[in-house]
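Raw contents of structure04.cif, mmCIF, C-alpha atoms and all ligand atoms:
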```cif
data_entry
#
loop_
_atom_site.group_PDB
_atom_site.id
_atom_site.type_symbol
_atom_site.label_atom_id
_atom_site.label_comp_id
_atom_site.auth_asym_id
_atom_site.auth_seq_id
_atom_site.Cartn_x
_atom_site.Cartn_y
_atom_site.Cartn_z
ATOM 1 C CA MET A 1 -0.727 236.207 117.733
ATOM 2 C CA ALA A 2 1.181 233.547 115.747
ATOM 3 C CA VAL A 3 -1.811 233.316 113.418
ATOM 4 C CA GLU A 4 -1.696 237.070 112.871
ATOM 5 C CA THR A 5 1.975 237.151 111.927
ATOM 6 C CA THR A 6 1.927 234.124 109.617
ATOM 7 C CA LYS A 7 -1.215 234.981 107.693
ATOM 8 C CA LYS A 8 -0.688 236.152 104.123
ATOM 9 C CA ARG A 9 -0.730 239.881 103.853
ATOM 10 C CA LYS A 10 -2.056 241.845 100.873
ATOM 11 C CA GLY A 11 -0.085 244.664 99.269
ATOM 12 C CA THR A 12 3.547 245.746 99.314
ATOM 13 C CA ALA A 13 6.309 244.964 101.820
ATOM 14 C CA LEU A 14 5.740 248.321 103.484
ATOM 15 C CA LEU A 15 3.740 249.528 106.471
ATOM 16 C CA ALA A 16 2.719 253.106 107.324
ATOM 17 C CA VAL A 17 3.336 254.273 110.885
ATOM 18 C CA MET A 18 1.956 257.552 112.247
ATOM 19 C CA ASN A 19 4.265 258.915 114.909
ATOM 20 C CA GLU A 20 4.272 261.441 117.747
ATOM 21 C CA ASN A 21 4.136 264.384 115.333
ATOM 22 C CA CYS A 22 0.549 263.482 114.493
ATOM 23 C CA THR A 23 -1.885 266.144 115.615
ATOM 24 C CA SER A 24 -4.922 264.244 114.218
ATOM 25 C CA CYS A 25 -5.355 267.262 111.872
ATOM 26 C CA ALA A 26 -7.667 268.684 114.541
ATOM 27 C CA GLY A 27 -9.976 265.700 114.234
ATOM 28 C CA SER A 28 -10.174 265.607 110.392
ATOM 29 C CA PRO A 29 -7.245 263.376 109.375
ATOM 30 C CA LEU A 30 -5.965 264.347 105.944
ATOM 31 C CA CYS A 31 -4.129 261.046 105.511
ATOM 32 C CA GLU A 32 -7.310 259.043 106.030
ATOM 33 C CA VAL A 33 -8.890 260.706 103.000
ATOM 34 C CA HIS A 34 -6.034 259.373 100.836
ATOM 35 C CA CYS A 35 -6.118 255.802 102.147
ATOM 36 C CA PRO A 36 -7.864 253.360 99.780
ATOM 37 C CA VAL A 37 -8.471 250.788 102.531
ATOM 38 C CA GLU A 38 -11.602 251.155 104.625
ATOM 39 C CA GLY A 39 -10.947 251.294 108.364
ATOM 40 C CA CYS A 40 -7.161 251.308 107.990
ATOM 41 C CA ILE A 41 -6.362 254.800 109.305
ATOM 42 C CA ASN A 42 -8.468 255.543 112.371
ATOM 43 C CA LEU A 43 -8.928 258.602 114.511
ATOM 44 C CA LEU A 44 -7.905 258.016 118.116
ATOM 45 C CA TYR A 45 -9.435 260.004 120.978
ATOM 46 C CA GLU A 46 -8.168 260.531 124.491
ATOM 47 C CA GLU A 47 -10.204 260.766 127.645
ATOM 48 C CA VAL A 48 -9.728 264.129 129.294
ATOM 49 C CA PRO A 49 -9.563 264.487 133.103
ATOM 50 C CA GLN A 50 -12.615 266.754 133.280
ATOM 51 C CA GLY A 51 -14.607 264.099 131.413
ATOM 52 C CA GLY A 52 -15.278 263.835 127.690
ATOM 53 C CA LEU A 53 -13.088 263.014 124.718
ATOM 54 C CA LYS A 54 -10.807 264.899 122.383
ATOM 55 C CA PRO A 55 -8.989 263.857 119.176
ATOM 56 C CA TYR A 56 -5.452 262.714 119.970
ATOM 57 C CA ARG A 57 -3.792 261.045 116.959
ATOM 58 C CA VAL A 58 -4.519 258.532 114.268
ATOM 59 C CA TRP A 59 -3.632 254.869 114.463
ATOM 60 C CA VAL A 60 -3.090 252.431 111.614
ATOM 61 C CA ASP A 61 -4.621 248.965 111.639
ATOM 62 C CA ASN A 62 -1.457 247.041 110.770
ATOM 63 C CA ASP A 63 -3.466 244.090 109.445
ATOM 64 C CA LYS A 64 -5.271 246.292 106.938
ATOM 65 C CA CYS A 65 -2.451 248.548 105.692
ATOM 66 C CA ILE A 66 -1.294 247.420 102.231
ATOM 67 C CA GLY A 67 1.755 249.711 102.244
ATOM 68 C CA CYS A 68 0.585 251.604 99.164
ATOM 69 C CA GLN A 69 2.097 254.930 100.370
ATOM 70 C CA MET A 70 -0.940 256.910 99.246
ATOM 71 C CA CYS A 71 -1.201 258.470 102.711
ATOM 72 C CA TYR A 72 2.465 259.373 102.476
ATOM 73 C CA SER A 73 2.915 261.171 99.181
ATOM 74 C CA ASP A 74 0.879 262.548 96.320
ATOM 75 C CA ASP A 75 3.823 262.145 93.993
ATOM 76 C CA LEU A 76 3.501 258.454 93.253
ATOM 77 C CA THR A 77 2.906 256.261 90.268
ATOM 78 C CA LYS A 78 0.011 253.922 91.018
ATOM 79 C CA ILE A 79 0.179 250.439 89.557
ATOM 80 C CA HIS A 80 -3.117 248.874 88.487
ATOM 81 C CA GLN A 81 -3.776 245.393 87.187
ATOM 82 C CA HIS A 82 -6.618 244.362 84.922
ATOM 83 C CA LYS A 83 -8.676 241.860 86.911
ATOM 84 C CA GLU A 84 -9.338 239.588 83.924
ATOM 85 C CA THR A 85 -6.369 239.957 81.571
ATOM 86 C CA GLY A 86 -3.682 240.653 84.189
ATOM 87 C CA GLU A 87 -2.396 243.604 82.117
ATOM 88 C CA ILE A 88 -0.537 246.298 84.030
ATOM 89 C CA TYR A 89 -1.398 250.002 83.834
ATOM 90 C CA TYR A 90 0.552 252.811 85.426
ATOM 91 C CA GLU A 91 -1.235 255.953 86.588
ATOM 92 C CA TYR A 92 0.611 259.167 87.290
ATOM 93 C CA ASP A 93 -0.911 262.596 87.725
ATOM 94 C CA GLY A 94 -4.255 261.437 86.302
ATOM 95 C CA ARG A 95 -2.723 259.899 83.134
ATOM 96 C CA PHE A 96 -2.452 256.213 82.310
ATOM 97 C CA TYR A 97 0.503 254.370 80.765
ATOM 98 C CA ASP A 98 0.860 250.763 79.581
ATOM 99 C CA SER A 99 3.418 248.229 80.793
ATOM 100 C CA SER A 100 6.018 249.777 78.453
ATOM 101 C CA LYS A 101 5.191 253.164 80.026
ATOM 102 C CA LYS A 102 3.641 254.468 76.794
ATOM 103 C CA PRO A 103 0.556 256.696 77.209
ATOM 104 C CA VAL A 104 -2.740 254.824 76.808
ATOM 105 C CA ASP A 105 -5.435 256.316 74.591
ATOM 106 C CA PRO A 106 -8.314 257.151 77.012
ATOM 107 C CA ALA A 107 -10.733 255.383 74.620
ATOM 108 C CA ALA A 108 -8.712 252.168 75.001
ATOM 109 C CA MET A 109 -8.671 252.275 78.809
ATOM 110 C CA PRO A 110 -10.507 249.536 80.715
ATOM 111 C CA LYS A 111 -13.311 250.620 83.012
ATOM 112 C CA LYS A 112 -12.306 251.536 86.567
ATOM 113 C CA PHE A 113 -14.096 248.529 88.066
ATOM 114 C CA GLN A 114 -11.975 246.215 85.891
ATOM 115 C CA LEU A 115 -8.774 247.469 87.523
ATOM 116 C CA GLN A 116 -7.320 246.777 90.933
ATOM 117 C CA LEU A 117 -4.615 248.804 92.642
ATOM 118 C CA ILE A 118 -1.679 246.505 93.345
ATOM 119 C CA GLY A 119 1.003 248.933 94.427
ATOM 120 C CA THR A 120 2.884 252.180 93.877
ATOM 121 C CA GLU A 121 6.280 253.322 92.697
ATOM 122 C CA SER A 122 7.992 256.348 94.067
ATOM 123 C CA GLU A 123 11.093 256.674 91.877
ATOM 124 C CA ASP A 124 12.498 258.942 94.586
ATOM 125 C CA ARG A 125 10.082 261.714 93.799
ATOM 126 C CA LEU A 126 8.587 261.703 97.283
ATOM 127 C CA ASP A 127 8.488 265.444 97.653
ATOM 128 C CA LYS A 128 4.748 265.978 97.852
ATOM 129 C CA LYS A 129 4.092 264.628 101.294
ATOM 130 C CA ILE A 130 0.493 264.406 102.413
ATOM 131 C CA CYS A 131 0.959 264.995 106.138
ATOM 132 C CA PRO A 132 1.394 268.661 107.036
ATOM 133 C CA TRP A 133 3.255 267.585 110.205
ATOM 134 C CA ASP A 134 5.527 265.001 108.595
ATOM 135 C CA ALA A 135 4.161 262.387 110.992
ATOM 136 C CA ILE A 136 4.027 259.469 108.546
ATOM 137 C CA ARG A 137 6.874 257.039 107.972
ATOM 138 C CA MET A 138 6.960 254.026 105.692
ATOM 139 C CA TYR A 139 8.801 250.978 107.069
ATOM 140 C CA GLU A 140 9.495 247.440 106.021
ATOM 141 C CA TYR A 141 6.543 245.566 107.513
ATOM 142 C CA GLU A 142 8.252 243.760 110.416
ATOM 143 C CA GLU A 143 10.152 246.872 111.480
ATOM 144 C CA GLY A 144 6.981 248.937 111.179
ATOM 145 C CA LEU A 145 5.160 246.551 113.506
ATOM 146 C CA GLU A 146 7.788 247.167 116.177
ATOM 147 C CA VAL A 147 7.911 250.947 115.667
ATOM 148 C CA SER A 148 4.118 251.280 115.734
ATOM 149 C CA LYS A 149 4.069 249.957 119.317
ATOM 150 C CA TYR A 150 5.449 253.300 120.473
ATOM 151 C CA PHE A 151 2.449 255.139 119.088
ATOM 152 C CA TYR A 152 -0.572 252.846 119.403
ATOM 153 C CA ASN A 153 -1.477 249.491 120.833
ATOM 154 C CA PRO A 154 -4.810 248.225 119.465
ATOM 155 C CA GLU A 155 -5.281 246.069 122.574
ATOM 156 C CA LYS A 156 -5.455 249.221 124.703
ATOM 157 C CA ILE A 157 -7.933 250.998 122.458
ATOM 158 C CA LYS A 158 -11.515 250.782 123.647
ATOM 159 C CA LYS A 159 -14.767 251.678 121.949
ATOM 160 C CA VAL A 160 -16.697 254.538 123.537
ATOM 161 C CA GLN A 161 -19.884 255.502 121.717
ATOM 162 C CA GLY A 162 -18.429 253.995 118.542
ATOM 163 C CA LEU A 163 -15.157 255.954 118.822
ATOM 164 C CA ASP A 164 -11.620 254.598 119.363
ATOM 165 C CA VAL A 165 -10.405 255.869 122.716
ATOM 166 C CA ILE A 166 -7.390 255.544 125.007
ATOM 167 C CA ASP A 167 -7.434 256.478 128.664
ATOM 168 C CA GLU A 168 -5.004 258.793 130.459
ATOM 169 C CA GLU A 169 -2.942 255.894 131.723
ATOM 170 C CA GLU A 170 -2.341 254.508 128.212
ATOM 171 C CA LYS A 171 -1.490 257.960 126.873
ATOM 172 C CA GLU A 172 1.069 258.376 129.656
ATOM 173 C CA ARG A 173 2.501 254.920 128.981
ATOM 174 C CA LEU A 174 2.910 255.631 125.260
ATOM 175 C CA GLU A 175 4.494 259.027 125.793
ATOM 176 C CA LYS A 176 6.900 257.603 128.356
ATOM 177 C CA ALA A 177 7.831 254.813 125.937
ATOM 178 C CA GLN A 178 8.472 257.367 123.194
ATOM 179 C CA ALA A 179 10.654 259.470 125.486
ATOM 180 C CA GLU A 180 12.658 256.499 126.739
ATOM 181 C CA GLY A 181 12.680 254.378 123.602
ATOM 182 C CA LEU A 182 10.935 251.462 125.385
ATOM 183 C CA THR A 183 7.712 249.680 124.530
HETATM 184 S S1 LIG B 1 -2.121 263.852 108.062
HETATM 185 FE FE1 LIG B 1 -0.494 263.714 109.589
HETATM 186 S S2 LIG B 1 -1.165 264.981 111.329
HETATM 187 FE FE2 LIG B 1 -2.963 264.603 109.989
HETATM 188 S S3 LIG B 1 -3.915 262.823 110.942
HETATM 189 FE FE3 LIG B 1 -2.559 262.043 109.306
HETATM 190 S S4 LIG B 1 -0.600 261.610 110.348
HETATM 191 FE FE4 LIG B 1 -1.826 262.868 111.713
HETATM 192 S S1 LIG B 2 0.147 252.895 103.181
HETATM 193 FE FE1 LIG B 2 -1.787 252.802 101.999
HETATM 194 S S2 LIG B 2 -3.039 251.308 103.074
HETATM 195 FE FE2 LIG B 2 -1.393 251.883 104.472
HETATM 196 S S3 LIG B 2 -2.237 253.527 105.708
HETATM 197 FE FE3 LIG B 2 -1.199 254.477 103.980
HETATM 198 S S4 LIG B 2 -2.744 254.774 102.431
HETATM 199 FE FE4 LIG B 2 -3.580 253.291 103.916
#
```
Represent the structure contained in this file as structure tokens.
Ligand code: SF4
Ligand code: SF4
Amino acid sequence: MAVETTKKRKGTALLAVMNENCTSCAGSPLCEVHCPVEGCINLLYEEVPQGGLKPYRVWVDNDKCIGCQMCYSDDLTKIHQHKETGEIYYEYDGRFYDSSKKPVDPAAMPKKFQLQLIGTESEDRLDKKICPWDAIRMYEYEEGLEVSKYFYNPEKIKKVQGLDVIDEEEKERLEKAQAEGLT
């Protein structure tokens, strides 16, 4: 565990946590579609007493989340960096701006593969939230790690036919922890 917490983390200082409001979007998580990191937001199933599985929530792989907020709001300025020159480009609402925030002529734009997403800026315009159930919160990383324990514990998630699953006992434990504020 010490290795996990000391290893250098990519991205911003933030971490996304999906809380008890998450309905899993009926098994088609909307937030997952917005996440640029493969395998970061994952659908979690529960075992049902009669046998079988049903979508429960989503869980975030805390080691993969780069805190970009793209699952959180559509109303963000994305910050890209040119992989070779290091130049910064801002993208908002499909338009690109240079480091002085002047619009960039589309003909002068680098190719997409030359750019890497390095972060986002919200400028307090976070009014276009992605989650219809307001289940996503952005935290400072260390705080987010603690809060996420109320909603998912990767050590208790097992693979069943390639799906991430928790059993009844773990679901009960999590919901009790949420109700009592204990992990
Ligand atoms: S968009 Fe919200 S409700 Fe849907 S899966 Fe993501 S966190 Fe859950
Ligand atoms: S903050 Fe970014 S990396 Fe983290 S879960 Fe949301 S979209 Fe994915």
Name all residues at most 7 Å from segment 19-33 of chain A (count all atoms listed in the file; drop same-chain ones fewer than 3 positions away) and give them as an MDAnalysis selection string.
chainID A and resid 41 43 55:58 71 130:131 133:136 151
Restricting the output to C-alpha atoms, write the selected residues as a PDB file, in the coordinates of the input.
```
ATOM      1  CA  ILE A  41      -6.362 254.800 109.305  1.00  0.00           C
ATOM      2  CA  LEU A  43      -8.928 258.602 114.511  1.00  0.00           C
ATOM      3  CA  PRO A  55      -8.989 263.857 119.176  1.00  0.00           C
ATOM      4  CA  TYR A  56      -5.452 262.714 119.970  1.00  0.00           C
ATOM      5  CA  ARG A  57      -3.792 261.045 116.959  1.00  0.00           C
ATOM      6  CA  VAL A  58      -4.519 258.532 114.268  1.00  0.00           C
ATOM      7  CA  CYS A  71      -1.201 258.470 102.711  1.00  0.00           C
ATOM      8  CA  ILE A 130       0.493 264.406 102.413  1.00  0.00           C
ATOM      9  CA  CYS A 131       0.959 264.995 106.138  1.00  0.00           C
ATOM     10  CA  TRP A 133       3.255 267.585 110.205  1.00  0.00           C
ATOM     11  CA  ASP A 134       5.527 265.001 108.595  1.00  0.00           C
ATOM     12  CA  ALA A 135       4.161 262.387 110.992  1.00  0.00           C
ATOM     13  CA  ILE A 136       4.027 259.469 108.546  1.00  0.00           C
ATOM     14  CA  PHE A 151       2.449 255.139 119.088  1.00  0.00           C
TER      15      PHE A 151
END
```
The residue from A:Lys54, A:Lys64, A:His34, A:Lys158 with the smallest atom-to-atom distance to ligand LIG 1 (chain B), counting all atoms listed in the file, is A:His34
* Considering only C-alpha atoms, state which residue in the set A:Val160, A:Ala13, A:Ala108, A:Ile118 is at the smallest distance from Gly86 of chain A. =>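 Under the stated criterion, the closest residue is A:Ile118.
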| task | Would you mind listing what lies within 12 Å of Ala177 of chain A as JSON, numbers by chain, with all atoms listed in the file counted and same-chain residues fewer than 6 positions away left out? | result | {"A": [20, 147, 148, 149, 150, 151, 152, 153, 170, 171, 183]}
Tell me, as a PDB file with C-alpha atoms, keeping the file's coordinate frame, which residues lie within 10 Å of segment 138-142 of chain A, counting all atoms listed in the file; anything in the same chain fewer than 3 positions away does not count.
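That gives us result-v6.pdb:
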```pdb
ATOM      1  CA  THR A   5       1.975 237.151 111.927  1.00  0.00           C
ATOM      2  CA  ARG A   9      -0.730 239.881 103.853  1.00  0.00           C
ATOM      3  CA  THR A  12       3.547 245.746  99.314  1.00  0.00           C
ATOM      4  CA  ALA A  13       6.309 244.964 101.820  1.00  0.00           C
ATOM      5  CA  LEU A  14       5.740 248.321 103.484  1.00  0.00           C
ATOM      6  CA  LEU A  15       3.740 249.528 106.471  1.00  0.00           C
ATOM      7  CA  ALA A  16       2.719 253.106 107.324  1.00  0.00           C
ATOM      8  CA  VAL A  17       3.336 254.273 110.885  1.00  0.00           C
ATOM      9  CA  MET A  18       1.956 257.552 112.247  1.00  0.00           C
ATOM     10  CA  ASN A  62      -1.457 247.041 110.770  1.00  0.00           C
ATOM     11  CA  CYS A  65      -2.451 248.548 105.692  1.00  0.00           C
ATOM     12  CA  ILE A  66      -1.294 247.420 102.231  1.00  0.00           C
ATOM     13  CA  GLY A  67       1.755 249.711 102.244  1.00  0.00           C
ATOM     14  CA  CYS A  68       0.585 251.604  99.164  1.00  0.00           C
ATOM     15  CA  GLN A  69       2.097 254.930 100.370  1.00  0.00           C
ATOM     16  CA  CYS A  71      -1.201 258.470 102.711  1.00  0.00           C
ATOM     17  CA  TYR A  72       2.465 259.373 102.476  1.00  0.00           C
ATOM     18  CA  LEU A 145       5.160 246.551 113.506  1.00  0.00           C
ATOM     19  CA  GLU A 146       7.788 247.167 116.177  1.00  0.00           C
ATOM     20  CA  VAL A 147       7.911 250.947 115.667  1.00  0.00           C
ATOM     21  CA  SER A 148       4.118 251.280 115.734  1.00  0.00           C
TER      22      SER A 148
END
```
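Nearest residue to ligand LIG 2 (chain B) among A:Pro110, A:Gly11, A:Pro132, A:Pro154 is A:Gly11, counting only C-alpha atoms and all ligand atoms.
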**Q.** All residues 7 Å or closer to Ile88 of chain A, only C-alpha atoms, same chain fewer than 5 positions away omitted, as JSON, numbers by chain
**A.** {"A": [79, 80, 81, 82, 98, 99]}
Around all the atoms of ligand LIG 1 (chain B) listed in the file, with 3 Å of room on each side, what axis-aligned box do you get, giving centre and edge lengths in Å to one decimal, as lines of an AutoDock Vina configuration file?
```
center_x = -2.2
center_y = 263.3
center_z = 109.9
size_x = 9.4
size_y = 9.4
size_z = 9.7
```
Inset, instruction - Excluding segment 161-169 of chain A and residues on its chain fewer than 2 positions from it, collect all residues at most 7 Å away from it, counting only C-alpha atoms, and give them as a ChimeraX atom specification. - result: /A:43-47,156-159,171-173
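Take atom FE3 of ligand LIG 2 (chain B) and atom CA of Glu91 of chain A: the distance between them is 17.5 Å.
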Task: Using all atoms listed in the file: which of A:Asp63, A:Thr77, A:Glu84, A:Leu53 has the shortest distance to Lys101 of chain A - done: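 Of A:Asp63, A:Thr77, A:Glu84, A:Leu53, the one nearest Lys101 of chain A, counting all atoms listed in the file, is A:Thr77.
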Atom S3 of ligand LIG 1 (chain B) sits from atom CA of Asp74 of chain A at a separation of 15.4 Å
- Using all atoms listed in the file, which residue out of A:Tyr92, A:Gln178, A:Lys102, A:Lys10 lies closest to Asp75 of chain A?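 The answer is A:Tyr92, which sits nearest to Asp75 of chain A.
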(message) Please compute the atom CA of Glu87 of chain A-atom CA of Ser73 of chain A distance, one decimal, in Å.
(response)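 Atom-to-atom, atom CA of Glu87 of chain A to atom CA of Ser73 of chain A, that is 25.1 Å.
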